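Structure file coords.txt with compact mmCIF, C-alpha atoms:
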# COMPACT_ATOMS: atom_id res chain seq x y z
CA MET A 94 105.12 157.38 101.62
CA SER A 95 107.22 159.22 104.16
CA SER A 96 105.86 161.69 106.67
CA THR A 97 107.54 164.39 108.69
CA GLU A 98 105.77 165.83 111.73
CA LEU A 99 105.99 169.52 112.53
CA PRO A 100 104.98 170.67 116.02
CA GLY A 101 101.69 172.44 116.61
CA VAL A 102 103.23 175.78 117.45
CA ARG A 103 102.03 179.16 116.25
CA SER A 104 104.56 179.39 113.44
CA ALA A 105 106.47 176.56 111.83
CA ALA A 106 109.25 176.52 109.25
CA GLU A 107 108.21 175.38 105.81
CA PRO A 108 109.19 171.96 104.51
CA SER A 109 111.70 171.58 101.71
CA GLY A 110 113.57 174.76 102.66
CA LEU A 111 111.03 177.12 101.11
CA VAL A 112 110.80 180.83 101.88
CA GLY A 113 109.44 182.07 105.21
CA ALA A 114 107.28 180.49 107.87
CA VAL A 115 103.68 179.37 107.98
CA ARG A 116 101.22 179.93 110.80
CA VAL A 117 99.86 176.96 112.67
CA ALA A 118 96.86 177.49 114.97
CA ASP A 119 96.84 176.17 118.50
CA GLY A 120 96.01 172.47 118.44
CA GLU A 121 97.02 171.99 114.81
CA ARG A 122 99.91 170.01 113.36
CA LEU A 123 101.65 170.03 110.00
CA ARG A 124 103.22 167.08 108.27
CA THR A 125 104.62 166.42 104.82
CA ALA A 126 103.69 163.41 102.73
CA SER A 127 106.14 162.43 99.99
CA LEU A 128 105.13 160.51 96.89
CA PRO A 129 107.06 160.06 93.62
CA GLY A 130 107.18 163.49 91.97
CA LEU A 131 104.92 165.02 94.59
CA THR A 132 105.21 166.40 98.12
CA LEU A 133 102.13 167.54 100.00
CA THR A 134 101.78 169.46 103.25
CA LEU A 135 98.88 168.34 105.42
CA ARG A 136 97.39 170.30 108.29
CA SER A 137 95.57 168.25 110.89
CA ARG A 138 93.70 168.74 114.11
CA PRO A 139 93.88 165.61 116.30
CA PRO A 140 90.37 164.37 117.08
CA VAL A 141 89.07 164.58 120.62
CA ARG A 142 88.80 160.78 120.73
CA GLU A 143 89.95 157.75 118.79
CA GLY A 144 87.84 156.13 116.12
CA LEU A 145 86.28 159.21 114.54
CA PRO A 146 85.78 158.97 110.75
CA PRO A 147 88.44 160.66 108.58
CA ALA A 148 87.78 163.86 106.66
CA LEU A 149 89.86 165.64 104.03
CA PHE A 150 89.49 169.37 103.26
CA VAL A 151 90.59 170.79 99.88
CA HIS A 152 91.09 174.56 99.41
CA GLY A 153 90.43 176.80 96.43
CA LEU A 154 92.56 178.72 93.93
CA GLY A 155 95.17 180.80 95.73
CA GLY A 156 94.14 179.35 99.09
CA SER A 157 95.76 176.88 101.45
CA SER A 158 94.99 174.45 104.24
CA GLN A 159 94.74 177.46 106.57
CA ASN A 160 91.35 178.21 105.00
CA TRP A 161 89.95 175.28 106.97
CA SER A 162 91.32 176.01 110.45
CA ALA A 163 88.09 177.53 111.83
CA LEU A 164 85.87 174.74 110.48
CA MET A 165 88.21 171.95 111.59
CA ALA A 166 88.26 173.35 115.12
CA LEU A 167 84.45 173.19 115.24
CA LEU A 168 84.41 169.60 113.97
CA GLU A 169 87.19 168.06 116.08
CA ASP A 170 84.62 166.01 118.01
CA ALA A 171 82.96 164.75 114.81
CA VAL A 172 85.77 163.83 112.39
CA ASP A 173 89.49 163.14 112.25
CA GLY A 174 90.17 166.17 110.07
CA GLU A 175 93.06 166.82 107.72
CA ALA A 176 93.46 169.68 105.20
CA VAL A 177 95.79 169.45 102.22
CA ASP A 178 97.90 172.14 100.57
CA LEU A 179 97.44 171.38 96.88
CA PRO A 180 100.66 171.20 94.81
CA GLY A 181 102.21 174.68 94.49
CA PHE A 182 99.99 176.22 97.19
CA GLY A 183 100.36 176.75 100.91
CA THR A 184 103.65 175.06 101.73
CA SER A 185 103.40 172.26 99.18
CA PRO A 186 106.11 172.72 96.53
CA PRO A 187 105.23 172.58 92.83
CA PRO A 188 104.71 169.11 91.33
CA ALA A 189 107.78 167.74 89.58
CA ASP A 190 105.98 167.71 86.20
CA ARG A 191 104.55 171.24 86.68
CA ASP A 192 101.11 169.86 85.84
CA TYR A 193 98.45 172.03 87.51
CA SER A 194 95.47 170.69 85.57
CA LEU A 195 92.30 169.76 87.42
CA THR A 196 92.96 166.12 86.61
CA ALA A 197 96.45 166.37 88.11
CA MET A 198 95.06 167.99 91.27
CA ALA A 199 92.45 165.25 91.60
CA ARG A 200 95.14 162.64 91.00
CA ALA A 201 97.25 164.16 93.80
CA VAL A 202 94.32 163.84 96.23
CA ILE A 203 93.65 160.26 95.13
CA ARG A 204 97.32 159.29 95.42
CA HIS A 205 97.47 160.72 98.93
CA LEU A 206 94.33 158.91 100.07
CA ASP A 207 95.49 155.63 98.55
CA ALA A 208 98.94 155.91 100.13
CA ALA A 209 97.63 156.99 103.53
CA GLY A 210 94.87 154.40 103.60
CA ARG A 211 92.43 156.95 105.03
CA GLY A 212 89.54 156.34 102.67
CA PRO A 213 86.66 156.45 102.48
CA VAL A 214 86.71 160.03 103.80
CA HIS A 215 84.24 162.81 104.27
CA LEU A 216 85.56 164.97 101.43
CA VAL A 217 85.10 168.75 101.63
CA GLY A 218 86.12 171.18 98.88
CA ASN A 219 85.88 174.92 98.23
CA SER A 220 86.01 176.60 94.80
CA LEU A 221 88.83 174.89 92.82
CA GLY A 222 88.89 172.32 95.62
CA GLY A 223 85.20 171.75 95.02
CA ALA A 224 85.82 170.92 91.36
CA VAL A 225 88.73 168.67 92.35
CA SER A 226 86.58 166.91 94.96
CA THR A 227 83.76 166.42 92.45
CA ARG A 228 86.13 164.65 90.09
CA VAL A 229 87.58 162.50 92.89
CA ALA A 230 84.10 161.46 94.04
CA ALA A 231 83.06 160.61 90.47
CA VAL A 232 86.08 158.52 89.48
CA ARG A 233 86.87 156.94 92.87
CA PRO A 234 83.60 156.52 94.77
CA ASP A 235 85.33 154.02 97.06
CA LEU A 236 87.36 156.88 98.56
CA VAL A 237 84.45 159.21 99.37
CA ARG A 238 81.93 158.65 102.15
CA THR A 239 80.22 162.05 101.87
CA LEU A 240 80.91 165.08 99.71
CA THR A 241 80.58 168.71 100.83
CA LEU A 242 81.08 171.44 98.22
CA ILE A 243 81.34 175.11 99.19
CA SER A 244 81.01 177.42 96.17
CA PRO A 245 82.42 174.72 93.84
CA ALA A 246 84.09 175.96 90.65
CA LEU A 247 81.80 174.19 88.18
CA PRO A 248 81.30 175.47 84.62
CA GLU A 249 79.08 178.51 84.15
CA LEU A 250 77.78 179.85 80.83
CA ARG A 251 77.66 183.43 82.09
CA VAL A 252 80.65 184.27 84.23
CA GLN A 253 80.30 187.17 86.69
CA ARG A 254 82.32 190.27 85.79
CA SER A 255 84.12 190.13 89.13
CA ALA A 256 85.44 186.66 88.22
CA VAL A 257 86.89 187.75 84.85
CA PRO A 258 90.36 188.81 86.18
CA THR A 259 90.81 185.36 87.71
CA GLY A 260 89.94 183.75 84.40
CA LEU A 261 92.33 186.07 82.56
CA LEU A 262 95.21 184.60 84.57
CA ALA A 263 94.80 181.53 82.38
CA VAL A 264 95.83 183.50 79.28
CA PRO A 265 99.56 183.10 78.54
CA GLY A 266 101.50 186.22 79.46
CA VAL A 267 98.78 187.76 81.63
CA ALA A 268 100.18 186.55 84.96
CA PRO A 269 103.58 188.26 84.41
CA LEU A 270 101.67 191.39 83.36
CA PHE A 271 99.60 191.28 86.56
CA ALA A 272 102.82 190.82 88.52
CA ARG A 273 104.38 193.92 86.94
CA LEU A 274 101.26 196.06 87.31
CA SER A 275 100.84 195.12 90.97
CA ARG A 276 104.47 195.18 92.08
CA ASP A 277 104.00 198.44 93.99
CA MET A 278 101.01 197.17 95.95
CA THR A 279 101.60 196.51 99.64
CA ALA A 280 100.69 193.19 101.26
CA GLU A 281 97.92 195.01 103.12
CA GLN A 282 96.43 196.29 99.85
CA ARG A 283 96.62 192.85 98.24
CA THR A 284 95.00 191.23 101.26
CA ARG A 285 92.16 193.76 101.38
CA GLY A 286 91.55 193.20 97.68
CA VAL A 287 91.33 189.42 98.08
CA MET A 288 89.07 189.70 101.12
CA GLY A 289 86.83 192.16 99.30
CA LEU A 290 86.48 189.63 96.50
CA CYS A 291 86.03 186.51 98.64
CA TYR A 292 84.01 187.67 101.65
CA GLY A 293 80.39 188.73 101.59
CA ASP A 294 81.20 191.07 104.47
CA PRO A 295 84.96 191.72 104.89
CA SER A 296 84.26 193.49 108.19
CA ARG A 297 83.75 190.06 109.75
CA VAL A 298 87.52 189.52 109.61
CA THR A 299 89.06 190.37 112.98
CA PRO A 300 92.13 192.63 113.21
CA GLU A 301 94.18 189.60 114.27
CA GLY A 302 92.85 187.56 111.37
CA PHE A 303 93.70 190.34 108.95
CA ARG A 304 97.24 190.62 110.34
CA HIS A 305 97.77 186.90 109.93
CA ALA A 306 96.44 187.08 106.36
CA VAL A 307 98.86 189.89 105.53
CA GLU A 308 101.76 187.84 106.90
CA GLU A 309 100.71 184.91 104.73
CA THR A 310 100.42 187.19 101.67
CA GLU A 311 103.96 188.45 102.27
CA ARG A 312 105.24 184.89 102.56
CA ARG A 313 103.53 183.68 99.40
CA MET A 314 104.64 186.63 97.31
CA ARG A 315 108.26 185.72 98.02
CA LEU A 316 107.83 182.22 96.62
CA PRO A 317 109.56 181.98 93.22
CA TYR A 318 106.71 179.92 91.74
CA PHE A 319 103.79 181.98 93.11
CA TRP A 320 102.57 183.39 89.78
CA GLU A 321 103.26 180.17 87.89
CA ALA A 322 101.10 178.11 90.25
CA LEU A 323 98.29 180.67 90.13
CA ALA A 324 98.35 181.04 86.34
CA ARG A 325 98.62 177.34 85.50
CA SER A 326 95.91 176.41 88.03
CA SER A 327 93.63 179.07 86.52
CA ARG A 328 94.33 177.58 83.11
CA GLY A 329 93.51 174.16 84.52
CA ILE A 330 90.07 175.36 85.62
CA VAL A 331 89.35 176.99 82.25
CA ASP A 332 90.46 173.84 80.41
CA ALA A 333 88.23 171.70 82.63
CA TYR A 334 85.27 173.95 81.84
CA THR A 335 85.65 173.21 78.13
CA LEU A 336 85.69 169.43 78.48
CA GLY A 337 82.60 167.59 77.30
CA GLY A 338 81.40 164.01 77.45
CA GLN A 339 82.22 161.77 80.37
CA HIS A 340 85.03 164.08 81.52
CA GLY A 341 82.80 167.13 81.82
CA LEU A 342 82.38 168.31 85.40
CA TRP A 343 78.59 168.47 85.26
CA ARG A 344 78.47 164.95 83.83
CA GLN A 345 80.78 163.81 86.62
CA ALA A 346 78.54 165.52 89.17
CA GLU A 347 75.69 163.30 87.98
CA ARG A 348 77.86 160.23 88.62
CA VAL A 349 78.61 161.06 92.28
CA LEU A 350 77.12 158.44 94.57
CA ALA A 351 78.09 159.91 97.95
CA PRO A 352 75.57 161.92 99.99
CA THR A 353 76.31 165.53 99.05
CA LEU A 354 75.97 168.89 100.78
CA LEU A 355 76.10 172.03 98.60
CA VAL A 356 76.82 175.44 100.13
CA TYR A 357 76.38 178.65 98.13
CA GLY A 358 76.78 182.29 99.15
CA GLY A 359 74.39 185.00 97.99
CA ARG A 360 77.23 187.55 97.83
CA ASP A 361 79.70 185.28 96.06
CA GLN A 362 81.57 187.29 93.41
CA LEU A 363 83.41 184.30 91.91
CA VAL A 364 80.83 181.49 91.73
CA SER A 365 77.34 182.62 90.83
CA TYR A 366 74.57 182.09 93.37
CA ARG A 367 72.27 181.18 90.49
CA MET A 368 74.25 177.94 89.96
CA ALA A 369 73.03 176.56 93.29
CA HIS A 370 69.84 174.99 91.92
CA LYS A 371 71.60 173.56 88.85
CA ALA A 372 74.08 171.90 91.21
CA ALA A 373 71.29 170.60 93.46
CA ALA A 374 69.64 169.02 90.41
CA SER A 375 72.93 167.48 89.20
CA PHE A 376 74.13 165.84 92.43
CA ARG A 377 71.56 163.14 93.11
CA GLY A 378 69.80 163.33 96.45
CA SER A 379 71.89 166.34 97.50
CA ARG A 380 70.97 168.88 100.16
CA LEU A 381 71.41 172.59 99.51
CA LEU A 382 72.39 175.31 101.97
CA CYS A 383 72.07 178.86 100.65
CA LEU A 384 73.58 181.66 102.75
CA PRO A 385 72.38 185.03 101.39
CA GLU A 386 74.99 187.06 103.33
CA ALA A 387 77.99 184.82 102.58
CA GLY A 388 80.64 185.25 99.94
CA HIS A 389 82.96 182.72 98.31
CA VAL A 390 84.44 181.22 101.49
CA ALA A 391 81.47 180.44 103.71
CA MET A 392 83.55 178.05 105.84
CA MET A 393 85.69 181.03 106.89
CA GLU A 394 82.92 183.61 107.09
CA HIS A 395 80.17 181.48 108.67
CA PRO A 396 81.98 178.39 110.04
CA GLU A 397 79.34 177.63 112.70
CA VAL A 398 76.53 177.42 110.13
CA VAL A 399 78.60 175.27 107.77
CA ALA A 400 79.68 173.01 110.65
CA SER A 401 76.05 172.48 111.68
CA ALA A 402 75.03 171.52 108.13
CA PHE A 403 78.03 169.20 107.86
CA ARG A 404 77.04 167.45 111.11
CA ASP A 405 73.55 166.91 109.72
CA LEU A 406 75.10 165.32 106.63
CA LEU A 407 77.21 163.03 108.82
CA GLY A 408 74.07 161.94 110.64
CA THR A 409 72.38 161.05 107.37
CA ALA A 410 75.44 159.10 106.20
CA GLY A 411 75.51 157.22 109.50
CA GLN A 412 71.87 156.22 109.07
CA ASP A 413 72.61 154.98 105.55
CA ASP A 414 75.49 152.87 106.90
CA VAL A 415 73.17 151.25 109.46
CA ARG A 416 70.60 150.45 106.75
CA ASP A 417 73.32 148.91 104.57
CA GLU A 418 74.60 146.74 107.44
CA ASP A 419 71.07 145.56 108.21
CA GLY A 420 70.53 144.68 104.57
CA ARG A 421 67.68 147.14 104.19
CA GLY A 422 69.60 149.88 102.27
What does this structure look like when you write it as C-alpha cells?
Amino acid sequence: MSSTELPGVRSAAEPSGLVGAVRVADGERLRTASLPGLTLTLRSRPPVREGLPPALFVHGLGGSSQNWSALMALLEDAVDGEAVDLPGFGTSPPPADRDYSLTAMARAVIRHLDAAGRGPVHLVGNSLGGAVSTRVAAVRPDLVRTLTLISPALPELRVQRSAVPTGLLAVPGVAPLFARLSRDMTAEQRTRGVMGLCYGDPSRVTPEGFRHAVEETERRMRLPYFWEALARSSRGIVDAYTLGGQHGLWRQAERVLAPTLLVYGGRDQLVSYRMAHKAAASFRGSRLLCLPEAGHVAMMEHPEVVASAFRDLLGTAGQDDVRDEDGRG
C-alpha cells in the first residue's frame, strides 16, 4: 500500500487529479491509500499523545469523511482517529470494478485495515456506513474492538415516506431523471434540502458551516461519476435489504461480538426511530442512546453527546480487556 500525505491546510487539492478542492479543518490531514483496483482518501486528526487506540469512522450515503470532523476533534485525546471516504465518495475515486454493493464497501474497509495493520479498531459508522460496519464486525471480528452505529441503515419493513426518494435512486434510470429534473437547482437549494432531510433541527448549522457545505455540494456536482456512485450505492443498500440467511444484515448483527453503542435520532427521516429497540435486541449486550431532538446525523448535530457516549463505551471495553488479561473474562 502506498500513501500520500496532504498538508492540514484549510483547502487541499484532490488526489488523482479530480475536480475542485476539498476542505480540511485545522488540525486535520488527508492521505491517499492505494490498493489494487482501489484508492481511498483518509482524513485523520493526529492524537494528542502516542499510544492511543485506533478508530475508523465510516460515513453514510452521499456523505464523506468530513461528516466526522466535529466528532474526531472531540475525541483526539481518546483515540487515534481516521475517517475514510468510501469508494466514489468524498475524494475517493470510483472503484475500478464499479462495484458499489454493500459487500464491496465492507471489503474496501477490510482491505484497508488489513493493509494498514491498524486493527482491531474502534469502528464507527453512520447510515450506509453503519450497515458496512455491521458487516465488517460480523465477518472480521478480529478487526473490531468496539462498534458504534449512528442511525445504521438496517432493513426496515415499513420505510418512512421521506426515505422513499433515496430508495428510488436504486431503480435503473431514476438517477439520470433526478439529475435532469434538478439541473436548475442552485447549490444552496440542494444543500438546504439535504440538511432539511438529515438534521432534526437545520437551524443548528452555523452560517459558516452552511457555506462550507454549499462549497462541497458544488464540488461534488462537478464530479463526472456523482450520480453513478449515488445510484449504485443506493442499489447496493436495497439489494442488501433483500438478502436472507447468514448474509442478512440482522442475522449478521446477531453475530457481532464487539461491545456496541447504538445511537438513534427521534427526528430521523431516513432511519426510523422505532428500529432502535429492534437493534438493541439484535446486537448482544449493546447500549442504546436515543436522542429525541436529533436527526440522521447525530454526530454532526450533537457531537458532544455522541462523544460522551463513545467515551463510556471505550471505558467498558478497557475494563473487558483488563478482565481478559487477568483470566477472569
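Note that atom CA of Glu321 of chain A and atom CA of Ser162 of chain A are 25.9 Å apart.
Closest approach to His340 of chain A among A:Ile243, A:Leu195, A:Val364, A:Val172 is made by A:Leu195 (distances from all atoms listed in the file).
Closest approach to Pro213 of chain A from the set A:Ser326, A:Thr239, A:Ser226, A:Gln362 is made by A:Thr239, with distances taken over all atoms listed in the file.
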**Report entry** Counting all atoms listed in the file, the option among A:Gly302, A:Pro396, A:Gly359, A:Pro180 closest to Ala118 of chain A
**Finding:** A:Gly302
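Relative to atom CA of Trp161 of chain A, atom CA of Arg304 of chain A is found at 17.3 Å.
Here atom CA of Leu154 of chain A and atom CA of Ser220 of chain A stand 6.9 Å from one another.
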Report task. Find the residues near Ala351 of chain A: any atom within 7 Å, counting only C-alpha atoms, skip ones fewer than 4 places away on the same chain, and give them as an MDAnalysis selection string. Result -> chainID A and resid 237:240
Query raised in the report: A:Gly341, A:Pro146, A:Gly293, A:Pro188: which is nearest Thr227 of chain A, counting only C-alpha atoms?
Result: A:Gly341
Dump as a Markdown table the rows for residues of segment 194-222 of chain A within 12 Å of segment 405-408 of chain A: closest atom pair and distance in Å with one decimal, all atoms listed in the file counted, ordered by chain and rising residue number.
| residue | atom | partner | partner_atom | distance |
| --- | --- | --- | --- | --- |
| A:Val214 | CA | A:Leu407 | CA | 11.2 |
| A:His215 | CA | A:Leu407 | CA | 8.4 |
| A:Leu216 | CA | A:Leu407 | CA | 11.3 |
| A:Val217 | CA | A:Leu406 | CA | 11.7 |
Saved selection, atoms kept: C-alpha atoms, as a tab-separated table (two decimals), keeping the file's coordinate frame:
chain	number	residue	atom	x	y	z
A	214	VAL	CA	86.71	160.03	103.80
A	215	HIS	CA	84.24	162.81	104.27
A	216	LEU	CA	85.56	164.97	101.43
A	217	VAL	CA	85.10	168.75	101.63
Query - Expected answer as a VMD selection string: all residues with atoms within 7 Å of (82.5, 190.5, 94.4), only C-alpha atoms - result: chain A and resid 255 289 to 291 360 to 363
Requested in this report: Write out as a ChimeraX atom specification each polymer residue whose atoms come within 9 Å of Glu394 of chain A, counting all atoms listed in the file; drop sequence neighbours fewer than 4 positions from it.
Outcome: /A:292-295,297-298,387-390
Requested in this report: For Leu384 of chain A, please output as a ChimeraX atom specification all residues within 8 Å (counting all atoms listed in the file; exclusion window: fewer than 4 positions along the same chain).
Outcome: /A:356-359
Within 10 Å of (90.4, 163.5, 115.9), in the coordinates the file gives, what residues turn up when you count all atoms listed in the file, written out as a compact mmCIF listing (two decimals) with C-alpha atoms, keeping the file's coordinate frame?
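So the final result, stored in result-v6.txt, reads:
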# COMPACT_ATOMS: atom_id res chain seq x y z
CA SER A 137 95.57 168.25 110.89
CA ARG A 138 93.70 168.74 114.11
CA PRO A 139 93.88 165.61 116.30
CA PRO A 140 90.37 164.37 117.08
CA VAL A 141 89.07 164.58 120.62
CA ARG A 142 88.80 160.78 120.73
CA GLU A 143 89.95 157.75 118.79
CA GLY A 144 87.84 156.13 116.12
CA LEU A 145 86.28 159.21 114.54
CA PRO A 146 85.78 158.97 110.75
CA PRO A 147 88.44 160.66 108.58
CA ALA A 148 87.78 163.86 106.66
CA MET A 165 88.21 171.95 111.59
CA LEU A 168 84.41 169.60 113.97
CA GLU A 169 87.19 168.06 116.08
CA ASP A 170 84.62 166.01 118.01
CA ALA A 171 82.96 164.75 114.81
CA VAL A 172 85.77 163.83 112.39
CA ASP A 173 89.49 163.14 112.25
CA GLY A 174 90.17 166.17 110.07
CA GLU A 175 93.06 166.82 107.72
